[in-house]
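Trainee: Structure incoming, see below.
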Amino acid sequence: MLTHQYHHRCFRVQNLRSDRTVPRLTVTLGRNLQTIGYRTLYTCTANHGPIVQFKLSDIGEGIMEVTVKEWYVKEGDKVSQFDSICEVQSDKASVTITSRYDGVIRKLYYDVDATALVGKPLVDIETEAKLIQEEDVVETPAMAREEHTHQEIKGHKTQATPAVRRLAMENNIKLSEVVGSGKDGRILKEDILNFLSKQTGAILPPAPFQDIRTPPTAPPPSAAPRPTSAAMVSRPGPAGPTGPRPVFTGKDRMEPLKGFHRAMVKTMTAALQIPHFGYCDEVDLSQLVQLRSDLKSTSEGRGVKLSYMPFFIKAASLGLLHFPILNASVDEGCQNITYKASHNVGVAMDTSQGLLVPNVKNVQLLSVFDIAQELNRLQTLGAAGQLGAADLSGGTFTLSNIGSIGGTYAKPVILPPEVAIGALGKIQVLPRFDPSGQVVRAHIMAVSWSADHRIIDGATMCRFSNLWKDYLENPARMVLDLK
């Protein structure tokens, strides 16, 4: 009797279980019945996991409902942890909802543009059943799974989600060799990718503040938000409407206010309680135009588009150091003033979603180039509709660049709880007299300020505007105060 015993490496089968074996295999050789061997085989049947209702979690800021803007999955799709499920929009920001489970989408509870409530089911996910191990064989010398799940660093177990552990195991990476950048040393997906890039020599892009997804169809250049092309010099030429021709239906149409439009109603209603003081002036930007022209190629060589807006923002921050009351806020009863330490300068941005005002954080600590870099990031996020709550909240002072669309003077409305805002007109080439009395070409921009007249008097607003104007008309002086 010749017997061959087959040993198989231990493996785990997902959602499967064994239910029968094949009996001993026999063959006839000549006149004798000989047994040449047998082995155990398995057939499997699917074992479905439980269906979990994935509820819309509290996304903060007191938001109780959101609008579903786009689904990234459909019923029957397989998802893993951290996969994007949908994008929702509140009255403050757009948020991408990611899965907390591995499994299959079984039900979508909302259509696109429907209103989803916090705490209510968003989707049903059929989660994967527990992995079942068949103890049939001898384990090979390869690294066991437990080496990834129970590694310890200096007596402490590594912290990582199952998805991150799976990524490490698939790439044969020991978690003990990876330095976690998350809270309490938690290892994130980016940590694994960065570790892998060092091993393979791959070059990975720097991790952004949040993922930026490319929209399905690229908008035309004229439709993209233009905060960084602020106050471009006006050029003669025909100006007509862009995009598809409007269709006249002859019927009235009613639709509910949602998302950012509803937020604008709340903000502007609150702004009506503020007595606005207005002040306007002209700024000669001829020297700044030349300076930007000299620095433009250098900045683009570093991968950053340089517009006039970073100079406007930095000049405002330098002025706020001298007039901190313009970088303050008041409580609802107007009994207390809070002077803000950070200069978080908001930039009004015209997007396909409506008017948004993201802000550049801590401008007092940034260089002009740093501000330009951050504006580029905000512009990219705005074009993709991915500005988050962190980008849209915390502003302390605002500049509205109406000149990027057209117009000279405006009457900007203060965004509570801020106390001041400036509107920048377009730059025009106009005749002006130089110190010797000769008529010269000058690049002129109009600026319109609004201030909360409950706490800011006209003289303070005028002095701030003069200082801001002086920095822009003589940019070399700005260098003396840069930090």
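Residues in the structure tokens are numbered from 1 in each chain, the chains being A, B, ... in the order shown, and ligands are numbered from 1 in the order shown.
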Once you count only C-alpha atoms, what closest atom pair and distance in Å to one decimal does each residue of segment 328-363 of chain A within 7 Å of segment 306-321 of chain A have, with rows by chain and rising residue number, as CSV?
Mentor:
```
residue,atom,partner,partner_atom,distance
A:His343,CA,A:Ser317,CA,6.4
A:Val345,CA,A:Ile313,CA,6.9
A:Val363,CA,A:Ser317,CA,6.5
```
Trainee: Please compute the atom CA of Ile125 of chain A-atom CA of Val95 of chain A distance, one decimal, in Å.
Mentor: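 So the answer is 20.1 Å.
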Trainee: Give the answer as one residue: which of A:Lys340, A:Lys296, A:Lys266, A:Arg165 has the shortest atom-to-atom distance to Glu418 of chain A, using only C-alpha atoms?
Mentor: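 The answer is A:Lys340, which sits nearest to Glu418 of chain A.
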Trainee: Identify, on the basis of only C-alpha atoms, every residue whose closest approach to Val179 of chain A does not exceed 9 Å; exclude the query and any residue fewer than 3 positions from it along the same chain; express the result as a short mmCIF file (atom, residue, chain, number, x, y, z; two decimals) with N, CA, C and O atoms, in the first residue's frame.
Mentor:
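Below is the file that was written, out.cif:
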```
data_model
loop_
_atom_site.label_atom_id
_atom_site.label_comp_id
_atom_site.auth_asym_id
_atom_site.auth_seq_id
_atom_site.Cartn_x
_atom_site.Cartn_y
_atom_site.Cartn_z
N LEU A 175 4.24 46.42 12.42
CA LEU A 175 3.77 47.68 13.00
C LEU A 175 4.75 48.23 14.04
O LEU A 175 4.78 49.43 14.29
N SER A 176 5.55 47.36 14.63
CA SER A 176 6.51 47.82 15.62
C SER A 176 7.59 48.69 15.00
O SER A 176 8.28 49.44 15.70
N GLY A 185 -0.04 58.07 19.67
CA GLY A 185 0.82 57.19 18.90
C GLY A 185 0.10 56.23 17.98
O GLY A 185 0.70 55.29 17.45
N ARG A 186 -1.20 56.46 17.75
CA ARG A 186 -1.96 55.58 16.86
C ARG A 186 -1.38 55.62 15.45
O ARG A 186 -1.05 56.68 14.93
N ILE A 187 -1.27 54.44 14.84
CA ILE A 187 -0.72 54.33 13.49
C ILE A 187 -1.84 54.54 12.49
O ILE A 187 -2.87 53.85 12.54
N ASP A 191 0.77 56.71 7.74
CA ASP A 191 2.04 56.26 8.31
C ASP A 191 2.54 55.00 7.60
O ASP A 191 3.74 54.85 7.34
N ILE A 192 1.61 54.10 7.29
CA ILE A 192 1.99 52.87 6.56
C ILE A 192 2.48 53.22 5.16
O ILE A 192 3.50 52.70 4.69
N PHE A 195 5.90 54.81 5.31
CA PHE A 195 6.91 53.80 5.62
C PHE A 195 7.20 52.96 4.38
O PHE A 195 8.36 52.64 4.07
#
```
Trainee: Identify which of the residues A:Leu365, A:Lys251, A:Gly406, A:Ser450 lies closest to Leu482 of chain A, counting only C-alpha atoms when measuring atom-to-atom distances.
Mentor: A:Leu365
Trainee: Between A:Ile402, A:Leu467, A:Ile421, A:Leu480, single out the one closest to Gly346 of chain A, counting only C-alpha atoms.
Mentor: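 Among the listed residues, the smallest separation from Gly346 of chain A belongs to A:Ile421.
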Trainee: Which of segment 393-475 of chain A counts as helix (DSSP H, G or I) under DSSP, as an MDAnalysis selection string please?
Mentor: chainID A and resid 402:404 458:473 475
Trainee: Looking at A:Asn171, A:Gln373, A:Thr98, A:Gln53, which one is nearest to Lys120 of chain A, with distances taken over only C-alpha atoms?
Mentor: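 Checking each of A:Asn171, A:Gln373, A:Thr98, A:Gln53 against Lys120 of chain A, counting only C-alpha atoms, the winner is A:Gln53.
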Trainee: In terms of the shortest atom-to-atom distance over only C-alpha atoms, which of A:Asp470, A:Cys86, A:Pro475, A:Lys55 is closest to Glu282 of chain A?
Mentor: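 Once distances to Glu282 of chain A are computed over only C-alpha atoms, the minimum belongs to A:Asp470.
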Trainee: What is the atom CA of Asp83 of chain A to atom CA of Thr96 of chain A distance in Å?
Mentor: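 Straight-line distance from atom CA of Asp83 of chain A to atom CA of Thr96 of chain A works out to 9.9 Å.
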Trainee: So which residues touch Asn376 of chain A within 10 Å, counting only C-alpha atoms, skipping near sequence neighbours fewer than 2 positions away, as a compact mmCIF listing (two decimals) with all heavy atoms, in the first residue's frame?
Mentor:
```
# COMPACT_ATOMS: atom_id res chain seq x y z
N ARG A 226 -12.33 82.36 -7.71
CA ARG A 226 -11.11 83.09 -8.02
C ARG A 226 -10.67 83.99 -6.86
O ARG A 226 -10.49 85.19 -7.01
CB ARG A 226 -11.34 83.95 -9.27
CG ARG A 226 -11.74 83.14 -10.49
CD ARG A 226 -12.11 84.06 -11.63
NE ARG A 226 -11.00 84.91 -12.01
CZ ARG A 226 -11.13 85.91 -12.87
NH1 ARG A 226 -12.29 86.20 -13.40
NH2 ARG A 226 -10.08 86.66 -13.16
N PRO A 227 -10.46 83.41 -5.68
CA PRO A 227 -10.02 84.28 -4.59
C PRO A 227 -8.58 84.72 -4.76
O PRO A 227 -8.21 85.78 -4.30
CB PRO A 227 -10.15 83.37 -3.36
CG PRO A 227 -9.98 81.99 -3.90
CD PRO A 227 -10.58 82.03 -5.28
N THR A 228 -7.77 83.90 -5.44
CA THR A 228 -6.36 84.24 -5.54
C THR A 228 -6.05 85.07 -6.77
O THR A 228 -4.92 85.51 -6.95
CB THR A 228 -5.51 82.96 -5.58
OG1 THR A 228 -5.91 82.18 -6.70
CG2 THR A 228 -5.73 82.17 -4.31
N GLY A 303 5.82 76.28 -7.37
CA GLY A 303 4.54 75.60 -7.48
C GLY A 303 3.37 76.35 -6.88
O GLY A 303 2.32 75.75 -6.61
N VAL A 304 3.49 77.66 -6.66
CA VAL A 304 2.43 78.44 -6.04
C VAL A 304 2.10 79.64 -6.91
O VAL A 304 3.00 80.38 -7.33
CB VAL A 304 2.84 78.92 -4.63
CG1 VAL A 304 1.77 79.84 -4.04
CG2 VAL A 304 3.08 77.73 -3.71
N LYS A 305 0.82 79.82 -7.18
CA LYS A 305 0.37 80.96 -7.96
C LYS A 305 0.30 82.18 -7.05
O LYS A 305 -0.34 82.15 -6.00
CB LYS A 305 -1.00 80.68 -8.57
CG LYS A 305 -1.54 81.82 -9.42
CD LYS A 305 -2.90 81.47 -9.99
CE LYS A 305 -3.46 82.62 -10.81
NZ LYS A 305 -4.80 82.31 -11.37
N LEU A 306 0.95 83.27 -7.44
CA LEU A 306 1.00 84.48 -6.62
C LEU A 306 0.08 85.54 -7.22
O LEU A 306 0.28 85.99 -8.35
CB LEU A 306 2.43 85.01 -6.54
CG LEU A 306 2.64 86.27 -5.70
CD1 LEU A 306 2.31 86.01 -4.24
CD2 LEU A 306 4.07 86.78 -5.86
N SER A 307 -0.92 85.95 -6.46
CA SER A 307 -1.82 87.01 -6.88
C SER A 307 -1.61 88.22 -5.98
O SER A 307 -0.69 88.25 -5.16
CB SER A 307 -3.28 86.52 -6.80
OG SER A 307 -3.63 86.28 -5.45
N ASP A 370 3.62 82.10 2.22
CA ASP A 370 2.80 81.14 2.97
C ASP A 370 1.31 81.40 2.75
O ASP A 370 0.52 80.45 2.60
CB ASP A 370 3.10 81.22 4.46
CG ASP A 370 4.51 80.75 4.81
OD1 ASP A 370 5.05 79.94 4.05
OD2 ASP A 370 5.06 81.22 5.82
N ILE A 371 0.93 82.66 2.74
CA ILE A 371 -0.47 83.01 2.52
C ILE A 371 -0.90 82.60 1.12
O ILE A 371 -2.00 82.06 0.93
CB ILE A 371 -0.68 84.53 2.74
CG1 ILE A 371 -0.34 84.90 4.18
CG2 ILE A 371 -2.11 84.92 2.41
CD1 ILE A 371 -0.29 86.40 4.42
N ALA A 372 -0.04 82.85 0.13
CA ALA A 372 -0.36 82.46 -1.25
C ALA A 372 -0.54 80.95 -1.35
O ALA A 372 -1.44 80.46 -2.05
CB ALA A 372 0.75 82.93 -2.19
N GLN A 373 0.30 80.21 -0.67
CA GLN A 373 0.21 78.75 -0.69
C GLN A 373 -1.12 78.28 -0.09
O GLN A 373 -1.78 77.39 -0.63
CB GLN A 373 1.39 78.17 0.10
CG GLN A 373 1.64 76.70 -0.12
CD GLN A 373 2.96 76.26 0.51
OE1 GLN A 373 3.41 76.81 1.51
NE2 GLN A 373 3.58 75.27 -0.09
N GLU A 374 -1.52 78.89 1.03
CA GLU A 374 -2.77 78.51 1.66
C GLU A 374 -3.97 78.92 0.81
O GLU A 374 -4.96 78.18 0.72
CB GLU A 374 -2.86 79.16 3.05
CG GLU A 374 -4.15 78.89 3.80
CD GLU A 374 -4.35 77.43 4.16
OE1 GLU A 374 -3.48 76.60 3.84
OE2 GLU A 374 -5.40 77.12 4.76
N LEU A 378 -7.06 76.55 -0.56
CA LEU A 378 -8.48 76.85 -0.39
C LEU A 378 -9.19 76.96 -1.73
O LEU A 378 -10.34 76.54 -1.87
CB LEU A 378 -8.63 78.15 0.40
CG LEU A 378 -8.15 78.12 1.86
CD1 LEU A 378 -8.23 79.50 2.48
CD2 LEU A 378 -8.95 77.11 2.68
N GLN A 379 -8.51 77.51 -2.73
CA GLN A 379 -9.11 77.62 -4.05
C GLN A 379 -9.37 76.24 -4.65
O GLN A 379 -10.42 75.99 -5.24
CB GLN A 379 -8.20 78.42 -4.98
CG GLN A 379 -8.79 78.62 -6.38
CD GLN A 379 -7.83 79.29 -7.33
OE1 GLN A 379 -6.63 79.25 -7.13
NE2 GLN A 379 -8.36 79.90 -8.37
N THR A 380 -8.41 75.34 -4.49
CA THR A 380 -8.58 73.98 -5.00
C THR A 380 -9.74 73.27 -4.31
O THR A 380 -10.56 72.61 -4.96
CB THR A 380 -7.28 73.18 -4.81
OG1 THR A 380 -6.20 73.85 -5.45
CG2 THR A 380 -7.42 71.78 -5.39
N LEU A 381 -9.81 73.42 -3.00
CA LEU A 381 -10.91 72.81 -2.26
C LEU A 381 -12.25 73.42 -2.66
O LEU A 381 -13.25 72.72 -2.80
CB LEU A 381 -10.70 72.99 -0.75
CG LEU A 381 -9.56 72.18 -0.12
CD1 LEU A 381 -9.36 72.60 1.33
CD2 LEU A 381 -9.85 70.70 -0.20
N GLY A 382 -12.28 74.73 -2.85
CA GLY A 382 -13.52 75.38 -3.24
C GLY A 382 -13.99 74.94 -4.61
O GLY A 382 -15.18 74.73 -4.84
```
Trainee: Determine, counting only C-alpha atoms, which protein, DNA and RNA residues have an atom within 9 Å of an atom of Ile105 of chain A; residues of the same chain fewer than 6 positions away are not included. Present the result as a list of chain:residue names.
Mentor: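 Residues near the query, excluding close chain neighbours: A:Val73, A:Lys74, A:Glu75, A:Gly76, A:Asp77, A:Lys78, A:Val79, A:Val123, A:Asp124, A:Ile125, A:Glu126, A:Thr127.
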Trainee: Residues of the last selection are to be written out with N, CA and C atoms, as a short mmCIF file (atom, residue, chain, number, x, y, z; two decimals), in the first residue's frame.
Mentor:
```cif
data_model
loop_
_atom_site.label_atom_id
_atom_site.label_comp_id
_atom_site.auth_asym_id
_atom_site.auth_seq_id
_atom_site.Cartn_x
_atom_site.Cartn_y
_atom_site.Cartn_z
N VAL A 73 -21.48 55.16 -3.60
CA VAL A 73 -21.74 53.72 -3.64
C VAL A 73 -23.18 53.51 -4.09
N LYS A 74 -23.49 52.30 -4.46
CA LYS A 74 -24.86 51.90 -4.78
C LYS A 74 -25.13 50.56 -4.12
N GLU A 75 -26.38 50.17 -4.08
CA GLU A 75 -26.74 48.91 -3.45
C GLU A 75 -26.02 47.75 -4.14
N GLY A 76 -25.41 46.89 -3.31
CA GLY A 76 -24.65 45.76 -3.84
C GLY A 76 -23.16 45.99 -3.89
N ASP A 77 -22.71 47.24 -3.71
CA ASP A 77 -21.28 47.53 -3.73
C ASP A 77 -20.61 47.04 -2.46
N LYS A 78 -19.39 46.58 -2.59
CA LYS A 78 -18.59 46.14 -1.46
C LYS A 78 -17.75 47.33 -0.97
N VAL A 79 -17.72 47.54 0.34
CA VAL A 79 -16.96 48.65 0.91
C VAL A 79 -16.07 48.13 2.03
N VAL A 123 -27.37 54.23 5.55
CA VAL A 123 -27.32 53.04 4.69
C VAL A 123 -27.39 51.80 5.57
N ASP A 124 -27.74 50.68 4.95
CA ASP A 124 -27.63 49.37 5.58
C ASP A 124 -26.42 48.67 5.00
N ILE A 125 -25.57 48.12 5.88
CA ILE A 125 -24.36 47.42 5.44
C ILE A 125 -24.41 46.00 5.97
N GLU A 126 -24.29 45.04 5.08
CA GLU A 126 -24.18 43.64 5.50
C GLU A 126 -22.71 43.40 5.83
N THR A 127 -22.42 43.28 7.11
CA THR A 127 -21.04 43.14 7.55
C THR A 127 -20.57 41.72 7.35
#
```
Trainee: Just give me the gap between atom CA of Val429 of chain A and atom CA of Asn359 of chain A in Å, one decimal is fine.
Mentor: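 Distance between the two atoms: 29.6 Å.
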